[in-house]
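**Student:** Supplied in structure tokens, the structure appears directly below.
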Amino acid sequence: MIKQIGNATLYLGDCQEILPTIKNVDAIITDPPYSETTHSNAKSNKGKGHGNKTIDFNSIDINDLKKIMELCSPLCSRWWISTMEWRHIAEFDKMPPNGWEFVRFGVWLKTNPMPQISADRPAQGWEGIAYLHSTNGEKKKWNGGGSHGNYVGSIVTDGNHPTGKPIPLFSQFVDKFTDKNDIVLDPFMGSGTTGVACVTMARKFIGIEKEQKYFDIACQRIENAQRQERLFD
């Protein structure tokens, strides 16, 4: 299924099947699933029981993520920017996927992280950010000058997605690593945060999501963002 919403093209399906059909993009800004270790340890005391799992979609292992990144490599001329499992980032630091240069390991420090429900150790309170660049495309450049690649901000609690990311964080990624009218790809679209950031910053967007319920939420959020932009225009 393909849905066109203004300058956003949204695909419902498996990114491994859809990526070979996509032409060139300028950058990839995304939030892939994390490892099974992280998914299984993401728990909450909300509702009945103790330590309920909070993530309702599949994890991804390092090999499958590497395959998807290598599918993306021929399409992308510049950056891969993503919040990512820190274990995966560490592996890519040692051996990045074919077609990608590992550039930097950044950190998103959360101001309101989930508490450690066992109370026997500190909560983590941060997530890794992976900065990689295509080895097949343009020379590295970004709009951040000499500034760092670490961010501080709150987690998302809007209920759209169990691991939803804040729009201000992804808006900074869009602002610093792409230019106006660039094409941004998100192969793990989720609830559409990257797409919303692209709409508000005049970038074209391609998103892929295989879960119907999150695809529907992404469509609605991107439609709402475009409606708001038309009102301001």
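Chain labels A, B, ... are given in the sequence in which chains occur in the structure tokens; within each chain residues are numbered consecutively from 1, and ligands are likewise numbered from 1 in the order shown.
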As a ChimeraX atom specification, please: the residues near range 110-117 of chain A (cut-off 6 Å, only C-alpha atoms, same-chain neighbours under 5 positions excluded).
**Tutor:** /A:123,125-126,152-154
**Student:** Dump N, CA, C and O atoms for the selected residues as a short mmCIF file (atom, residue, chain, number, x, y, z; two decimals), in the first residue's frame?
**Tutor:**
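Written output follows (part.cif):
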data_model
loop_
_atom_site.label_atom_id
_atom_site.label_comp_id
_atom_site.auth_asym_id
_atom_site.auth_seq_id
_atom_site.Cartn_x
_atom_site.Cartn_y
_atom_site.Cartn_z
N ALA A 123 18.40 3.68 36.76
CA ALA A 123 17.78 3.64 35.44
C ALA A 123 18.78 4.15 34.41
O ALA A 123 19.70 4.91 34.73
N GLY A 125 18.39 6.09 31.38
CA GLY A 125 18.21 7.53 31.22
C GLY A 125 18.83 8.15 29.98
O GLY A 125 18.88 9.38 29.87
N TRP A 126 19.30 7.34 29.04
CA TRP A 126 19.86 7.90 27.81
C TRP A 126 19.72 6.88 26.68
O TRP A 126 19.49 5.69 26.93
N VAL A 152 19.68 16.93 24.80
CA VAL A 152 18.99 16.78 26.08
C VAL A 152 17.52 17.08 25.84
O VAL A 152 17.18 18.09 25.23
N GLY A 153 16.64 16.20 26.31
CA GLY A 153 15.22 16.45 26.13
C GLY A 153 14.38 15.37 26.75
O GLY A 153 14.87 14.32 27.19
N SER A 154 13.08 15.60 26.80
CA SER A 154 12.16 14.68 27.47
C SER A 154 11.71 13.57 26.53
O SER A 154 11.74 13.71 25.31
#
**Student:** For range 69-84 of chain A, work out the shell of residues within 8 Å, counting only C-alpha atoms and skipping chain neighbours fewer than 5 positions away, then give it as a VMD selection string.
**Tutor:** chain A and resid 16 19 to 20 22 to 34 89 97 to 100 127 to 134 136 to 140 173 177
**Student:** Check range 137-233 of chain A with DSSP on the backbone and list each residue it calls strand (DSSP E or B), as a VMD selection string.
**Tutor:** chain A and resid 151 to 153 183 to 186 204 to 209
**Student:** List the neighbours of Ala197 in chain A out to 8 Å using only C-alpha atoms; skip same-chain residues closer than 2 positions along the sequence, and give me the result as number ranges by chain.
**Tutor:** A: 167-168, 170-171, 174, 193-195, 199-201
**Student:** From a DSSP calculation on the backbone, collect every residue of range 32-146 of chain A in alpha helix (DSSP H) and output the set as a PyMOL selection string.
**Tutor:** chain A and resi 36-41+62-72+86-94
**Student:** Find the residues near Gly190 in chain A: any atom within 8 Å, counting only C-alpha atoms, skip ones fewer than 6 places away on the same chain, and give them as JSON, numbers by chain.
**Tutor:** {"A": [161, 164, 209, 211, 214, 215, 218]}
**Student:** Got time to write the residues from that selection, all heavy atoms, as a PDB file, in the first residue's frame?
**Tutor:**
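Dumped to out.pdb:
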ATOM      1  N   HIS A 161       3.068   5.710  20.205  1.00  0.00           N
ATOM      2  CA  HIS A 161       4.004   4.608  19.929  1.00  0.00           C
ATOM      3  C   HIS A 161       4.763   4.309  21.216  1.00  0.00           C
ATOM      4  O   HIS A 161       5.144   5.241  21.937  1.00  0.00           O
ATOM      5  CB  HIS A 161       4.978   5.024  18.822  1.00  0.00           C
ATOM      6  CG  HIS A 161       5.736   3.895  18.205  1.00  0.00           C
ATOM      7  ND1 HIS A 161       6.854   3.350  18.790  1.00  0.00           N
ATOM      8  CD2 HIS A 161       5.546   3.200  17.047  1.00  0.00           C
ATOM      9  CE1 HIS A 161       7.325   2.384  18.023  1.00  0.00           C
ATOM     10  NE2 HIS A 161       6.552   2.262  16.959  1.00  0.00           N
ATOM     11  N   GLY A 164       8.122   6.040  20.909  1.00  0.00           N
ATOM     12  CA  GLY A 164       8.084   7.269  20.131  1.00  0.00           C
ATOM     13  C   GLY A 164       9.191   8.237  20.518  1.00  0.00           C
ATOM     14  O   GLY A 164       9.593   8.312  21.675  1.00  0.00           O
ATOM     15  N   GLU A 209       6.602   1.631   6.932  1.00  0.00           N
ATOM     16  CA  GLU A 209       6.191   1.030   8.205  1.00  0.00           C
ATOM     17  C   GLU A 209       5.390  -0.233   7.931  1.00  0.00           C
ATOM     18  O   GLU A 209       4.494  -0.238   7.091  1.00  0.00           O
ATOM     19  CB  GLU A 209       5.353   2.019   9.021  1.00  0.00           C
ATOM     20  CG  GLU A 209       4.729   1.456  10.281  1.00  0.00           C
ATOM     21  CD  GLU A 209       5.751   0.829  11.231  1.00  0.00           C
ATOM     22  OE1 GLU A 209       6.839   1.421  11.420  1.00  0.00           O
ATOM     23  OE2 GLU A 209       5.454  -0.251  11.765  1.00  0.00           O
ATOM     24  N   GLU A 211       3.737  -2.147  10.383  1.00  0.00           N
ATOM     25  CA  GLU A 211       2.622  -2.356  11.302  1.00  0.00           C
ATOM     26  C   GLU A 211       1.473  -1.423  10.925  1.00  0.00           C
ATOM     27  O   GLU A 211       1.619  -0.198  10.954  1.00  0.00           O
ATOM     28  CB  GLU A 211       3.058  -2.098  12.743  1.00  0.00           C
ATOM     29  CG  GLU A 211       4.154  -3.020  13.253  1.00  0.00           C
ATOM     30  CD  GLU A 211       3.662  -4.440  13.486  1.00  0.00           C
ATOM     31  OE1 GLU A 211       2.425  -4.625  13.550  1.00  0.00           O
ATOM     32  OE2 GLU A 211       4.497  -5.348  13.602  1.00  0.00           O
ATOM     33  N   TYR A 214       0.478   1.530  13.353  1.00  0.00           N
ATOM     34  CA  TYR A 214       1.411   2.655  13.404  1.00  0.00           C
ATOM     35  C   TYR A 214       1.451   3.399  12.078  1.00  0.00           C
ATOM     36  O   TYR A 214       1.615   4.620  12.055  1.00  0.00           O
ATOM     37  CB  TYR A 214       2.801   2.176  13.825  1.00  0.00           C
ATOM     38  CG  TYR A 214       2.814   1.599  15.218  1.00  0.00           C
ATOM     39  CD1 TYR A 214       3.361   0.353  15.480  1.00  0.00           C
ATOM     40  CD2 TYR A 214       2.243   2.296  16.277  1.00  0.00           C
ATOM     41  CE1 TYR A 214       3.346  -0.187  16.758  1.00  0.00           C
ATOM     42  CE2 TYR A 214       2.229   1.778  17.563  1.00  0.00           C
ATOM     43  CZ  TYR A 214       2.773   0.528  17.796  1.00  0.00           C
ATOM     44  OH  TYR A 214       2.750   0.003  19.063  1.00  0.00           O
ATOM     45  N   PHE A 215       1.269   2.680  10.985  1.00  0.00           N
ATOM     46  CA  PHE A 215       1.157   3.337   9.678  1.00  0.00           C
ATOM     47  C   PHE A 215      -0.027   4.301   9.681  1.00  0.00           C
ATOM     48  O   PHE A 215       0.094   5.442   9.216  1.00  0.00           O
ATOM     49  CB  PHE A 215       0.977   2.277   8.588  1.00  0.00           C
ATOM     50  CG  PHE A 215       0.798   2.842   7.197  1.00  0.00           C
ATOM     51  CD1 PHE A 215       1.896   3.223   6.451  1.00  0.00           C
ATOM     52  CD2 PHE A 215      -0.469   2.995   6.654  1.00  0.00           C
ATOM     53  CE1 PHE A 215       1.737   3.743   5.159  1.00  0.00           C
ATOM     54  CE2 PHE A 215      -0.637   3.513   5.376  1.00  0.00           C
ATOM     55  CZ  PHE A 215       0.472   3.883   4.628  1.00  0.00           C
ATOM     56  N   ALA A 218       0.828   7.341  11.699  1.00  0.00           N
ATOM     57  CA  ALA A 218       1.772   8.188  10.963  1.00  0.00           C
ATOM     58  C   ALA A 218       1.045   8.999   9.899  1.00  0.00           C
ATOM     59  O   ALA A 218       1.297  10.207   9.740  1.00  0.00           O
ATOM     60  CB  ALA A 218       2.865   7.333  10.326  1.00  0.00           C
TER      61      ALA A 218
END
**Student:** Can you tell me how far CA of Ala90 in chain A sits from CA of Leu109 in chain A, in Å to one decimal?
**Tutor:**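 Computing the Euclidean distance for CA of Ala90 in chain A and CA of Leu109 in chain A yields 17.7 Å.
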**Student:** For Gly159 in chain A, which of A:Ile217, A:Leu65, A:Ile18, A:Val196 is the closest residue, counting only C-alpha atoms?
**Tutor:**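 Ranking A:Ile217, A:Leu65, A:Ile18, A:Val196 by distance to Gly159 in chain A, first place goes to A:Ile217.
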**Student:** Let me make sure I understand: among A:Gly6, A:Met1, A:Trp86, A:Asn58, which one has the smallest atom-to-atom distance to Phe205 in chain A if we use only C-alpha atoms?
**Tutor:**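 Ranked by minimum distance to Phe205 in chain A, first place goes to A:Gly6.
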